[in-house]
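A.B. asks: Okay, so here is target_36.txt, and as you'll see once you scroll down, it has compact mmCIF, C-alpha atoms and all ligand atoms.
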# COMPACT_ATOMS: atom_id res chain seq x y z
CA MET A 1 0.00 0.00 0.00
CA GLU A 2 1.56 3.28 -1.09
CA ILE A 3 1.32 6.19 1.34
CA ASN A 4 0.79 9.73 0.08
CA HIS A 5 2.80 11.79 2.58
CA ASP A 6 0.88 15.01 2.01
CA LYS A 7 -2.39 13.23 2.78
CA LEU A 8 -0.78 11.49 5.75
CA ASN A 9 0.41 14.84 7.16
CA VAL A 10 -3.05 16.33 6.86
CA PHE A 11 -4.61 13.28 8.53
CA MET A 12 -2.03 13.20 11.33
CA GLY A 13 -2.65 16.91 11.94
CA LYS A 14 -6.36 16.19 12.32
CA MET A 15 -5.64 13.25 14.65
CA LEU A 16 -3.34 15.41 16.78
CA GLY A 17 -6.11 17.97 17.24
CA ASP A 18 -8.62 15.26 18.12
CA VAL A 19 -6.34 13.46 20.57
CA GLY A 20 -5.60 16.82 22.19
CA ALA A 21 -9.33 17.53 22.53
CA ALA A 22 -9.99 14.08 23.98
CA MET A 23 -7.11 14.37 26.49
CA ASN A 24 -8.39 17.78 27.56
CA ALA A 25 -12.07 16.80 27.92
CA SER A 26 -11.79 15.93 31.62
CA LEU A 27 -9.88 19.19 32.22
CA MET A 28 -12.84 21.07 30.77
CA LEU A 29 -15.09 19.31 33.27
CA ILE A 30 -12.74 20.18 36.12
CA GLY A 31 -12.58 23.81 35.00
CA ASP A 32 -16.36 23.95 34.90
CA LYS A 33 -16.93 22.22 38.24
CA LEU A 34 -14.29 24.14 40.19
CA GLY A 35 -15.27 27.48 38.69
CA LEU A 36 -11.84 27.99 37.12
CA TYR A 37 -13.22 29.36 33.84
CA LYS A 38 -15.79 31.57 35.55
CA THR A 39 -13.26 33.02 37.97
CA LEU A 40 -10.64 33.61 35.31
CA ALA A 41 -13.19 35.29 33.03
CA ALA A 42 -14.43 37.50 35.85
CA LYS A 43 -11.12 38.41 37.48
CA GLY A 44 -8.38 37.82 34.87
CA PRO A 45 -5.62 38.41 33.99
CA LEU A 46 -4.50 36.15 36.83
CA SER A 47 -1.39 34.18 37.66
CA SER A 48 -1.78 30.50 38.55
CA ALA A 49 -1.33 31.42 42.22
CA GLU A 50 -4.02 34.09 42.04
CA LEU A 51 -6.49 31.77 40.29
CA ALA A 52 -5.74 28.99 42.78
CA GLN A 53 -6.30 31.35 45.69
CA ALA A 54 -9.53 32.75 44.25
CA THR A 55 -10.93 29.24 43.70
CA ASN A 56 -9.53 27.62 46.81
CA THR A 57 -7.56 25.10 44.79
CA SER A 58 -3.97 23.89 44.66
CA GLU A 59 -1.59 26.17 42.72
CA ARG A 60 0.49 23.33 41.26
CA TYR A 61 -2.56 21.68 39.70
CA VAL A 62 -3.99 24.99 38.52
CA ARG A 63 -0.66 25.94 36.91
CA GLU A 64 -0.64 22.73 34.87
CA TRP A 65 -4.35 23.10 34.03
CA LEU A 66 -3.77 26.65 32.81
CA ALA A 67 -0.90 25.51 30.60
CA ALA A 68 -3.14 22.88 29.02
CA GLN A 69 -5.90 25.46 28.56
CA ALA A 70 -3.54 27.91 26.90
CA ALA A 71 -2.21 25.16 24.60
CA SER A 72 -5.84 24.35 23.72
CA GLY A 73 -6.55 27.98 22.84
CA TYR A 74 -9.22 28.11 25.56
CA VAL A 75 -7.40 30.84 27.54
CA GLU A 76 -4.70 33.41 26.69
CA TYR A 77 -1.20 33.48 28.18
CA ASP A 78 0.96 36.60 28.45
CA ALA A 79 4.60 35.50 28.66
CA THR A 80 5.75 38.86 30.04
CA SER A 81 3.39 39.08 33.02
CA LYS A 82 3.05 35.27 33.23
CA LYS A 83 -0.68 35.81 33.68
CA PHE A 84 -3.66 34.12 32.05
CA SER A 85 -6.90 35.66 30.83
CA MET A 86 -9.94 34.91 28.69
CA GLN A 87 -11.02 36.72 25.54
CA PRO A 88 -14.75 37.58 25.40
CA GLU A 89 -15.25 34.84 22.78
CA GLN A 90 -13.66 32.24 25.05
CA ALA A 91 -15.63 33.49 28.06
CA VAL A 92 -19.07 33.28 26.41
CA ALA A 93 -18.40 29.70 25.34
CA LEU A 94 -16.83 28.44 28.57
CA ALA A 95 -17.69 30.72 31.47
CA ASP A 96 -21.08 32.35 30.89
CA GLU A 97 -23.85 29.87 31.63
CA ASP A 98 -26.49 32.25 30.24
CA SER A 99 -24.82 33.10 26.95
CA PRO A 100 -26.29 31.65 23.73
CA PHE A 101 -22.84 30.18 22.96
CA PHE A 102 -22.25 28.38 26.27
CA MET A 103 -20.76 24.91 25.70
CA GLY A 104 -18.93 24.57 29.02
CA ALA A 105 -21.44 22.03 30.32
CA VAL A 106 -20.50 19.34 27.83
CA GLY A 107 -17.99 17.75 30.24
CA ASP A 108 -20.63 15.80 32.16
CA LEU A 109 -21.99 14.32 28.94
CA VAL A 110 -18.53 13.30 27.76
CA SER A 111 -17.82 11.88 31.19
CA ALA A 112 -20.95 9.68 31.03
CA THR A 113 -19.85 8.22 27.71
CA PHE A 114 -16.59 7.03 29.30
CA LEU A 115 -18.08 5.86 32.59
CA ASP A 116 -20.70 3.80 30.73
CA GLU A 117 -18.33 2.51 28.06
CA PRO A 118 -18.18 -1.08 29.48
CA LYS A 119 -21.99 -1.32 29.32
CA ILE A 120 -22.07 0.06 25.78
CA ARG A 121 -19.26 -2.24 24.64
CA ASP A 122 -21.21 -5.15 26.06
CA ALA A 123 -24.32 -3.95 24.20
CA PHE A 124 -22.35 -3.86 20.93
CA GLU A 125 -21.74 -7.59 21.43
CA THR A 126 -25.21 -8.61 22.60
CA GLY A 127 -27.28 -6.16 20.54
CA LYS A 128 -29.29 -5.38 23.68
CA GLY A 129 -30.07 -1.87 24.90
CA VAL A 130 -28.90 0.21 27.85
CA GLY A 131 -31.81 2.06 29.41
CA TRP A 132 -31.68 5.63 30.67
CA ASN A 133 -32.11 4.26 34.21
CA ARG A 134 -28.82 2.31 33.92
CA ARG A 135 -26.71 5.31 32.95
CA SER A 136 -24.24 7.26 35.08
CA GLU A 137 -25.79 10.06 37.10
CA CYS A 138 -23.82 12.74 35.28
CA LEU A 139 -25.66 11.97 32.02
CA PHE A 140 -28.92 13.36 33.38
CA CYS A 141 -27.70 16.72 34.66
CA GLY A 142 -25.18 16.91 31.78
CA THR A 143 -28.03 16.62 29.28
CA ALA A 144 -30.15 19.19 31.12
CA ARG A 145 -27.36 21.75 31.31
CA PHE A 146 -26.08 21.18 27.78
CA PHE A 147 -29.53 21.53 26.18
CA ARG A 148 -30.48 24.49 28.37
CA THR A 149 -28.44 26.89 26.23
CA GLY A 150 -30.54 26.22 23.12
CA TYR A 151 -33.85 26.13 24.98
CA LYS A 152 -33.17 29.34 26.90
CA HIS A 153 -32.39 31.32 23.76
CA HIS A 154 -34.75 29.79 21.19
CA LEU A 155 -37.72 27.99 22.71
CA VAL A 156 -39.93 30.90 23.75
CA GLN A 157 -38.41 33.43 21.35
CA GLU A 158 -38.51 31.40 18.11
CA TRP A 159 -39.63 27.79 18.34
CA LEU A 160 -43.06 28.21 19.95
CA PRO A 161 -43.97 31.21 17.73
CA SER A 162 -43.03 29.14 14.67
CA VAL A 163 -45.73 26.58 15.48
CA GLU A 164 -49.14 27.60 14.17
CA GLY A 165 -51.51 29.21 16.69
CA VAL A 166 -49.70 27.95 19.77
CA VAL A 167 -48.50 31.20 21.35
CA GLU A 168 -52.03 32.69 21.32
CA LYS A 169 -53.32 29.61 23.15
CA LEU A 170 -50.44 29.69 25.63
CA LYS A 171 -51.09 33.35 26.39
CA ARG A 172 -54.81 32.74 26.94
CA GLY A 173 -54.20 29.63 29.05
CA ALA A 174 -53.40 26.25 27.55
CA LYS A 175 -52.70 22.74 28.79
CA VAL A 176 -49.27 21.48 27.80
CA ALA A 177 -47.52 18.12 28.12
CA ASP A 178 -43.73 17.90 27.95
CA VAL A 179 -43.04 14.23 27.23
CA GLY A 180 -39.59 12.80 28.03
CA CYS A 181 -39.02 16.02 29.96
CA GLY A 182 -35.85 14.92 31.80
CA HIS A 183 -35.01 17.55 34.41
CA GLY A 184 -37.78 19.77 33.04
CA VAL A 185 -35.70 22.68 31.74
CA SER A 186 -38.01 23.19 28.76
CA THR A 187 -41.11 22.82 30.98
CA ARG A 188 -39.91 25.53 33.35
CA LEU A 189 -38.95 27.94 30.58
CA MET A 190 -42.40 27.63 29.01
CA ALA A 191 -44.12 27.96 32.40
CA GLU A 192 -42.17 31.10 33.25
CA ALA A 193 -43.13 32.69 29.91
CA PHE A 194 -46.83 31.74 29.97
CA PRO A 195 -48.26 32.15 33.47
CA ASN A 196 -51.87 31.46 32.37
CA SER A 197 -51.04 27.98 31.16
CA ARG A 198 -50.57 24.67 32.97
CA PHE A 199 -47.69 22.32 32.28
CA PHE A 200 -47.31 18.57 32.81
CA GLY A 201 -43.90 16.96 32.47
CA PHE A 202 -43.61 13.20 32.02
CA ASP A 203 -40.56 10.98 31.94
CA TYR A 204 -40.06 7.27 32.54
CA HIS A 205 -36.90 7.91 34.59
CA PRO A 206 -37.87 8.48 38.27
CA GLY A 207 -34.61 10.25 39.17
CA SER A 208 -35.17 12.86 36.47
CA ILE A 209 -38.74 13.50 37.61
CA GLU A 210 -37.52 13.95 41.17
CA ALA A 211 -34.94 16.51 39.99
CA ALA A 212 -37.54 18.25 37.80
CA ARG A 213 -39.92 18.62 40.77
CA GLN A 214 -37.16 20.01 42.93
CA HIS A 215 -36.09 22.60 40.33
CA ALA A 216 -39.71 23.65 39.72
CA GLY A 217 -40.22 24.06 43.46
CA GLU A 218 -37.09 26.19 43.75
CA ALA A 219 -38.35 28.35 40.87
CA GLY A 220 -41.71 28.82 42.63
CA LEU A 221 -43.57 27.08 39.80
CA SER A 222 -45.01 24.07 41.65
CA GLU A 223 -48.61 25.30 41.35
CA ARG A 224 -48.63 25.41 37.55
CA VAL A 225 -46.04 22.78 36.72
CA HIS A 226 -46.51 19.11 37.57
CA PHE A 227 -44.12 16.27 36.97
CA ASP A 228 -44.96 12.58 37.01
CA VAL A 229 -43.22 9.34 36.21
CA HIS A 230 -44.88 8.03 33.04
CA SER A 231 -43.69 6.53 29.82
CA ALA A 232 -44.54 8.29 26.58
CA LYS A 233 -47.37 5.80 26.10
CA SER A 234 -48.81 5.74 29.63
CA TYR A 235 -49.55 9.31 30.76
CA PRO A 236 -53.26 10.07 31.08
CA ALA A 237 -55.00 11.61 28.08
CA GLY A 238 -56.02 15.13 28.93
CA ASP A 239 -57.12 17.37 26.08
CA TYR A 240 -53.66 18.85 25.77
CA ASP A 241 -53.43 21.87 23.49
CA LEU A 242 -49.75 21.22 22.98
CA ILE A 243 -47.66 18.08 23.43
CA CYS A 244 -43.90 18.58 23.16
CA PHE A 245 -41.08 16.11 22.70
CA PHE A 246 -37.74 17.80 23.36
CA ASP A 247 -34.82 15.81 22.05
CA CYS A 248 -36.32 12.52 23.18
CA LEU A 249 -38.53 10.98 20.48
CA HIS A 250 -35.54 9.28 18.88
CA ASP A 251 -34.52 7.89 22.33
CA MET A 252 -37.81 6.04 22.61
CA GLY A 253 -38.23 2.41 21.65
CA ASP A 254 -41.59 3.01 20.03
CA PRO A 255 -41.74 6.56 18.65
CA VAL A 256 -44.80 5.69 16.52
CA GLY A 257 -46.58 4.44 19.65
CA ALA A 258 -45.50 7.58 21.53
CA MET A 259 -46.88 9.89 18.83
CA ASN A 260 -50.01 7.82 18.52
CA HIS A 261 -50.55 8.23 22.26
CA ALA A 262 -49.92 11.97 21.90
CA ARG A 263 -52.59 12.13 19.16
CA GLU A 264 -55.07 10.41 21.48
CA ALA A 265 -54.06 12.54 24.48
CA MET A 266 -54.42 15.92 22.83
CA ALA A 267 -57.41 18.19 22.26
CA ALA A 268 -59.29 18.02 18.95
CA ASN A 269 -57.23 20.82 17.40
CA GLY A 270 -54.11 20.16 19.47
CA THR A 271 -50.54 20.31 18.21
CA CYS A 272 -47.54 18.11 18.67
CA MET A 273 -44.15 19.87 18.62
CA LEU A 274 -41.00 17.86 18.04
CA VAL A 275 -37.56 19.24 18.78
CA GLU A 276 -35.00 16.88 17.33
CA PRO A 277 -31.26 17.13 16.66
CA PHE A 278 -30.57 18.91 13.37
CA ALA A 279 -29.97 16.39 10.60
CA HIS A 280 -30.34 16.07 6.87
CA ASP A 281 -32.04 12.96 5.54
CA ARG A 282 -28.99 11.20 4.13
CA LEU A 283 -25.87 10.03 5.96
CA GLU A 284 -23.57 11.62 3.41
CA GLU A 285 -25.17 15.02 4.11
CA ASN A 286 -24.47 14.73 7.85
CA LEU A 287 -20.74 14.10 7.65
CA ASN A 288 -19.82 17.40 9.28
CA PRO A 289 -18.84 18.60 12.80
CA ILE A 290 -22.45 18.68 14.07
CA GLY A 291 -23.23 15.26 12.62
CA ARG A 292 -20.02 13.99 14.18
CA ILE A 293 -21.16 15.03 17.67
CA PHE A 294 -24.69 13.68 17.20
CA TYR A 295 -23.70 10.34 15.63
CA ALA A 296 -21.32 9.76 18.57
CA ALA A 297 -24.02 10.67 21.12
CA SER A 298 -26.45 8.50 19.20
CA THR A 299 -24.12 5.50 19.33
CA VAL A 300 -23.50 5.64 23.07
CA ILE A 301 -26.67 7.30 24.43
CA CYS A 302 -29.73 7.39 22.15
CA THR A 303 -29.50 4.09 20.25
CA PRO A 304 -28.89 2.01 23.43
CA ALA A 305 -31.77 3.85 25.14
CA SER A 306 -34.18 2.97 22.32
CA LEU A 307 -32.99 -0.62 21.95
CA ASP A 308 -33.72 -1.14 25.64
CA GLN A 309 -37.43 -0.46 25.12
CA GLU A 310 -40.30 -2.29 23.42
CA VAL A 311 -40.18 -2.20 19.60
CA GLY A 312 -36.62 -0.82 19.78
CA MET A 313 -36.94 1.22 16.61
CA ALA A 314 -33.61 3.00 17.29
CA LEU A 315 -34.28 5.99 15.07
CA GLY A 316 -30.91 7.46 16.03
CA ALA A 317 -30.10 11.10 16.79
CA GLN A 318 -29.70 11.86 13.07
CA ALA A 319 -33.10 10.61 11.97
CA GLY A 320 -33.81 13.64 9.77
CA GLU A 321 -37.11 15.18 8.73
CA ALA A 322 -38.21 12.49 6.25
CA ARG A 323 -38.00 9.63 8.75
CA LEU A 324 -39.63 11.73 11.47
CA ARG A 325 -42.47 12.56 9.07
CA GLU A 326 -42.93 8.84 8.43
CA VAL A 327 -43.18 8.21 12.20
CA ALA A 328 -45.76 10.99 12.63
CA ASN A 329 -47.79 9.86 9.63
CA LYS A 330 -47.86 6.25 10.86
CA ALA A 331 -49.19 7.62 14.16
CA GLY A 332 -52.03 9.34 12.33
CA LEU A 333 -50.51 12.83 12.51
CA LYS A 334 -50.80 13.58 8.82
CA ARG A 335 -50.14 17.32 8.79
CA PHE A 336 -46.43 17.59 9.34
CA ARG A 337 -43.97 20.39 8.62
CA ARG A 338 -40.62 21.82 9.63
CA THR A 339 -41.39 25.14 11.31
CA THR A 340 -37.84 26.36 11.94
CA GLU A 341 -34.32 25.18 12.73
CA THR A 342 -31.03 26.10 14.37
CA PRO A 343 -27.63 24.59 13.58
CA PHE A 344 -28.35 22.08 16.38
CA ASN A 345 -32.11 21.53 16.16
CA LEU A 346 -34.99 20.76 13.83
CA ILE A 347 -38.37 22.05 15.01
CA LEU A 348 -41.31 20.10 13.60
CA GLU A 349 -45.06 20.45 13.97
CA ALA A 350 -47.45 17.48 13.68
CA ARG A 351 -51.23 17.59 13.71
CA ALA A 352 -53.99 15.11 13.10
C1 LIG B 401 -31.90 13.25 25.74
S1 LIG B 401 -32.95 13.25 27.11
C2 LIG B 401 -33.86 14.76 26.87
C3 LIG B 401 -34.49 15.25 28.15
C4 LIG B 401 -35.25 16.55 28.04
N1 LIG B 401 -36.37 16.47 27.14
C5 LIG B 401 -34.33 17.68 27.61
O1 LIG B 401 -34.46 18.13 26.48
O2 LIG B 401 -33.50 18.12 28.42
C6 LIG B 401 -34.14 12.02 26.67
C7 LIG B 401 -35.20 11.81 27.73
O3 LIG B 401 -36.19 10.91 27.23
C8 LIG B 401 -36.62 10.10 28.30
N2 LIG B 401 -37.26 8.90 27.71
C9 LIG B 401 -36.68 7.99 26.90
N3 LIG B 401 -37.59 7.07 26.55
C10 LIG B 401 -38.76 7.40 27.16
C11 LIG B 401 -40.07 6.84 27.15
N4 LIG B 401 -40.37 5.75 26.45
N5 LIG B 401 -41.03 7.46 27.87
C12 LIG B 401 -40.74 8.59 28.57
N6 LIG B 401 -39.52 9.17 28.61
C13 LIG B 401 -38.54 8.58 27.90
C14 LIG B 401 -35.34 9.83 29.08
O4 LIG B 401 -35.60 9.38 30.39
C15 LIG B 401 -34.68 11.19 29.02
O5 LIG B 401 -35.05 12.01 30.09
Would you put the structure from the file into structure tokens?

C.D. replies:
Amino acid sequence: MEINHDKLNVFMGKMLGDVGAAMNASLMLIGDKLGLYKTLAAKGPLSSAELAQATNTSERYVREWLAAQAASGYVEYDATSKKFSMQPEQAVALADEDSPFFMGAVGDLVSATFLDEPKIRDAFETGKGVGWNRRSECLFCGTARFFRTGYKHHLVQEWLPSVEGVVEKLKRGAKVADVGCGHGVSTRLMAEAFPNSRFFGFDYHPGSIEAARQHAGEAGLSERVHFDVHSAKSYPAGDYDLICFFDCLHDMGDPVGAMNHAREAMAANGTCMLVEPFAHDRLEENLNPIGRIFYAASTVICTPASLDQEVGMALGAQAGEARLREVANKAGLKRFRRTTETPFNLILEARA
């Protein structure tokens, strides 16, 4: 086999970058958890000793961490003052939880993929699933925090208004189900924006429902927001004006059954809103950085979750609009359209 050295150099350059990112992933988690990014962004430029003191951490570790961060291009280093700082662009991505660009919460998700790797490897061999209830704890809060960025900046502002007639109903007072709600981030954001409406979050994972209740209580929303442990096919029908599935339909074993149940559970002129990972319909169209992230998450999180459940359709996190339309149509939701999108999400509306 003849090697083309130019091609090899390009490929090795790419591998170096990827190995560097993988080696630094746990450092990102540490920086997030110990407040190193936030403190540096708020108080920098700082020396390693100053950052260690401000975060109550050990200088020797912080010095090494800072060096790795500077080599990653995540922080700046000034060789004259020997101090570190963050540019605004680095700070919004790593230190500002409320910015639309915040990605600093990804560490918990990455961590879960490694902690659960033996179970996933085993599943590769048996073909069986790994249910959400068998995953490492950090997957649940990692998911909630990672998705929060998109929901906080798009859900009320763009996604709900893109769905026909929904905002008027929500303003007047509507009944909403958030199916597969996880920690209920989306449920709370909607409840805060539409005080006349009532919200019901359902998830089959008891730990997530417990966390969702706690967060809603802390936000003072317990009167209008209710969370219960139910699968997507078992929650009581209730004339819902809107039934939402946020980044969870493809995790379900029986997405047709789940949408069929939604059709039966909603009011006569109710709407089903799907928020799914952005994807084109064909594999070759998804071979890009976003597809790369989602196919990896799909392999280790979404596909095992679906295969663990009845039917085990395993749509995958890159299902794309055409396959999602098929699912909705099979469930009797014949009016189906893409209402809007972001680089990370497809927003779809389905009606009977
Ligand atoms: C990727 S998480 C998304 C959670 C939440 N919707 C969000 O956007 O933050 C997928 C969620 O679907 C839930 N789920 C998976 N299959 C389910 C089913 N059959 N019925 C109810 N919930 C399900 C999981 O427990 C998990 O909370």

A.B. asks: Quick one: everything within 12 Å of Phe344 in chain A, counting all atoms listed in the file, minus sequence neighbours fewer than 3 positions away in the same chain. Send it as a list of chain:residue names.

C.D. replies: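 Skipping anything fewer than 3 positions along the chain leaves A:Phe101, A:Phe146, A:Phe147, A:Thr149, A:Gly150, A:Tyr151, A:His154, A:Asp247, A:Val275, A:Glu276, A:Pro277, A:Phe278, A:Ala279, A:His280, A:Asn286, A:Pro289, A:Ile290, A:Gly291, A:Arg292, A:Ile293, A:Phe294, A:Ala317, A:Gln318, A:Thr340, A:Glu341, A:Ile347.
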
A.B. asks: Could I get the residue neighbourhood of ligand LIG 401 (chain B) at 8 Å, counting all atoms listed in the file, as a compact mmCIF listing (two decimals) with C-alpha atoms, in the frame of the given file?

C.D. replies:
# COMPACT_ATOMS: atom_id res chain seq x y z
CA TRP A 132 -31.68 5.63 30.67
CA ASN A 133 -32.11 4.26 34.21
CA PHE A 140 -28.92 13.36 33.38
CA THR A 143 -28.03 16.62 29.28
CA ALA A 144 -30.15 19.19 31.12
CA ARG A 145 -27.36 21.75 31.31
CA PHE A 147 -29.53 21.53 26.18
CA ARG A 148 -30.48 24.49 28.37
CA ASP A 178 -43.73 17.90 27.95
CA VAL A 179 -43.04 14.23 27.23
CA GLY A 180 -39.59 12.80 28.03
CA CYS A 181 -39.02 16.02 29.96
CA GLY A 182 -35.85 14.92 31.80
CA HIS A 183 -35.01 17.55 34.41
CA GLY A 184 -37.78 19.77 33.04
CA VAL A 185 -35.70 22.68 31.74
CA SER A 186 -38.01 23.19 28.76
CA PHE A 202 -43.61 13.20 32.02
CA ASP A 203 -40.56 10.98 31.94
CA TYR A 204 -40.06 7.27 32.54
CA HIS A 205 -36.90 7.91 34.59
CA SER A 208 -35.17 12.86 36.47
CA HIS A 230 -44.88 8.03 33.04
CA SER A 231 -43.69 6.53 29.82
CA ALA A 232 -44.54 8.29 26.58
CA LYS A 233 -47.37 5.80 26.10
CA PHE A 245 -41.08 16.11 22.70
CA PHE A 246 -37.74 17.80 23.36
CA ASP A 247 -34.82 15.81 22.05
CA CYS A 248 -36.32 12.52 23.18
CA LEU A 249 -38.53 10.98 20.48
CA ASP A 251 -34.52 7.89 22.33
CA MET A 252 -37.81 6.04 22.61
CA GLY A 253 -38.23 2.41 21.65
CA ASP A 254 -41.59 3.01 20.03
CA PRO A 255 -41.74 6.56 18.65
CA ALA A 258 -45.50 7.58 21.53
CA CYS A 302 -29.73 7.39 22.15
CA ALA A 305 -31.77 3.85 25.14
CA SER A 306 -34.18 2.97 22.32
CA GLN A 309 -37.43 -0.46 25.12

A.B. asks: So which residues touch Ala219 in chain A within 12 Å, counting only C-alpha atoms, skipping near sequence neighbours fewer than 3 positions away, as an mmCIF file with C-alpha atoms, in the frame of the given file?

C.D. replies:
data_model
loop_
_atom_site.group_PDB
_atom_site.id
_atom_site.type_symbol
_atom_site.label_atom_id
_atom_site.label_comp_id
_atom_site.auth_asym_id
_atom_site.auth_seq_id
_atom_site.Cartn_x
_atom_site.Cartn_y
_atom_site.Cartn_z
ATOM 1 C CA GLY A 184 -37.780 19.770 33.040
ATOM 2 C CA VAL A 185 -35.700 22.680 31.740
ATOM 3 C CA THR A 187 -41.110 22.820 30.980
ATOM 4 C CA ARG A 188 -39.910 25.530 33.350
ATOM 5 C CA LEU A 189 -38.950 27.940 30.580
ATOM 6 C CA ALA A 191 -44.120 27.960 32.400
ATOM 7 C CA GLU A 192 -42.170 31.100 33.250
ATOM 8 C CA ALA A 212 -37.540 18.250 37.800
ATOM 9 C CA ARG A 213 -39.920 18.620 40.770
ATOM 10 C CA GLN A 214 -37.160 20.010 42.930
ATOM 11 C CA HIS A 215 -36.090 22.600 40.330
ATOM 12 C CA ALA A 216 -39.710 23.650 39.720
ATOM 13 C CA SER A 222 -45.010 24.070 41.650
ATOM 14 C CA GLU A 223 -48.610 25.300 41.350
ATOM 15 C CA ARG A 224 -48.630 25.410 37.550
ATOM 16 C CA VAL A 225 -46.040 22.780 36.720
#

A.B. asks: Report as a tab-separated table (two decimals) with C-alpha atoms, in the coordinates of the input all protein, DNA and RNA residues lying within 12 Å of Lys43 in chain A, evaluated on only C-alpha atoms, omitting residues in the same chain fewer than 3 positions from it.

C.D. replies:
chain	number	residue	atom	x	y	z
A	35	GLY	CA	-15.27	27.48	38.69
A	36	LEU	CA	-11.84	27.99	37.12
A	37	TYR	CA	-13.22	29.36	33.84
A	38	LYS	CA	-15.79	31.57	35.55
A	39	THR	CA	-13.26	33.02	37.97
A	40	LEU	CA	-10.64	33.61	35.31
A	46	LEU	CA	-4.50	36.15	36.83
A	47	SER	CA	-1.39	34.18	37.66
A	50	GLU	CA	-4.02	34.09	42.04
A	51	LEU	CA	-6.49	31.77	40.29
A	53	GLN	CA	-6.30	31.35	45.69
A	54	ALA	CA	-9.53	32.75	44.25
A	55	THR	CA	-10.93	29.24	43.70
A	83	LYS	CA	-0.68	35.81	33.68
A	84	PHE	CA	-3.66	34.12	32.05
A	85	SER	CA	-6.90	35.66	30.83
A	86	MET	CA	-9.94	34.91	28.69
A	91	ALA	CA	-15.63	33.49	28.06
A	95	ALA	CA	-17.69	30.72	31.47

A.B. asks: Which neighbours of range 2-18 of chain A fall inside 10 Å, counting only C-alpha atoms, when residues of the same chain fewer than 5 positions from it are skipped, and could you give them as a PDB file with C-alpha atoms, keeping the file's coordinate frame?

C.D. replies:
ATOM      1  CA  MET A  23      -7.110  14.370  26.490  1.00  0.00           C
ATOM      2  CA  ASN A  24      -8.390  17.780  27.560  1.00  0.00           C
ATOM      3  CA  SER A  72      -5.840  24.350  23.720  1.00  0.00           C
TER       4      SER A  72
END

A.B. asks: So how many Å separate CA of Glu76 in chain A and CA of Ala41 in chain A, to one decimal?

C.D. replies: 10.8 Å

A.B. asks: Looking at all atoms listed in the file, which of A:Gly320, A:Gly201, A:Pro304, A:Gly142 is the one that sits closest to Leu274 in chain A?

C.D. replies: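 Closest residue, counting all atoms listed in the file: A:Gly320.
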
A.B. asks: Considering all atoms listed in the file, state which residue in the set A:Asn260, A:Ala267, A:Glu210, A:Glu158 is at the smallest distance from Ala174 in chain A.

C.D. replies: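 The shortest atom-to-atom distance to Ala174 in chain A comes from A:Ala267.
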
A.B. asks: Work out how far CA of Arg323 in chain A is from CA of Thr113 in chain A, in Å to one decimal.

C.D. replies: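 Separation between CA of Thr113 in chain A and CA of Arg323 in chain A: 26.3 Å.
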
A.B. asks: By how many Å are CA of Glu264 in chain A and CA of Ala211 in chain A apart?

C.D. replies: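 It comes out at 28.0 Å.
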
A.B. asks: A:Ala262, A:Ala297, A:Leu155, A:Leu29: which is nearest Asn345 in chain A, counting only C-alpha atoms?

C.D. replies: A:Leu155

A.B. asks: Taking into account all atoms listed in the file, which residue in the set A:Asp32, A:Lys128, A:Ala68, A:Arg135 is nearest to Ala93 in chain A?

C.D. replies: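 Answer, going by the shortest atom-to-atom distance: A:Asp32.
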
A.B. asks: When you count all atoms listed in the file, which of these residues is closest to Tyr77 in chain A: A:Ser58, A:Leu34, A:Val130, A:Ser48?

C.D. replies: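 Looking at the shortest contact to Tyr77 in chain A, the residue is A:Ser48.
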
A.B. asks: Once 8 Å is added on each side, what centre and edge lengths in Å to one decimal does the axis-aligned box around all listed atoms of range 264-277 of chain A have, as lines of an AutoDock Vina configuration file?

C.D. replies:
center_x = -45.3
center_y = 15.6
center_z = 20.6
size_x = 44.0
size_y = 26.4
size_z = 23.8

A.B. asks: Any idea what's packed within 7 Å of Ser197 in chain A, counting all atoms listed in the file, ignoring anything in its chain fewer than 5 positions away? Could you give it as number ranges by chain?

C.D. replies: A: 170, 173-175

A.B. asks: Next, the residues of the selection above should be written as an mmCIF file, keeping the file's coordinate frame with C-alpha atoms.

C.D. replies:
data_model
loop_
_atom_site.group_PDB
_atom_site.id
_atom_site.type_symbol
_atom_site.label_atom_id
_atom_site.label_comp_id
_atom_site.auth_asym_id
_atom_site.auth_seq_id
_atom_site.Cartn_x
_atom_site.Cartn_y
_atom_site.Cartn_z
ATOM 1 C CA LEU A 170 -50.440 29.690 25.630
ATOM 2 C CA GLY A 173 -54.200 29.630 29.050
ATOM 3 C CA ALA A 174 -53.400 26.250 27.550
ATOM 4 C CA LYS A 175 -52.700 22.740 28.790
#

A.B. asks: For Val167 in chain A, which residue among A:Phe227, A:Asn196, A:Gly316, A:Ala79 is the nearest when counting only C-alpha atoms?

C.D. replies: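 Looking at the shortest contact to Val167 in chain A, the residue is A:Asn196.
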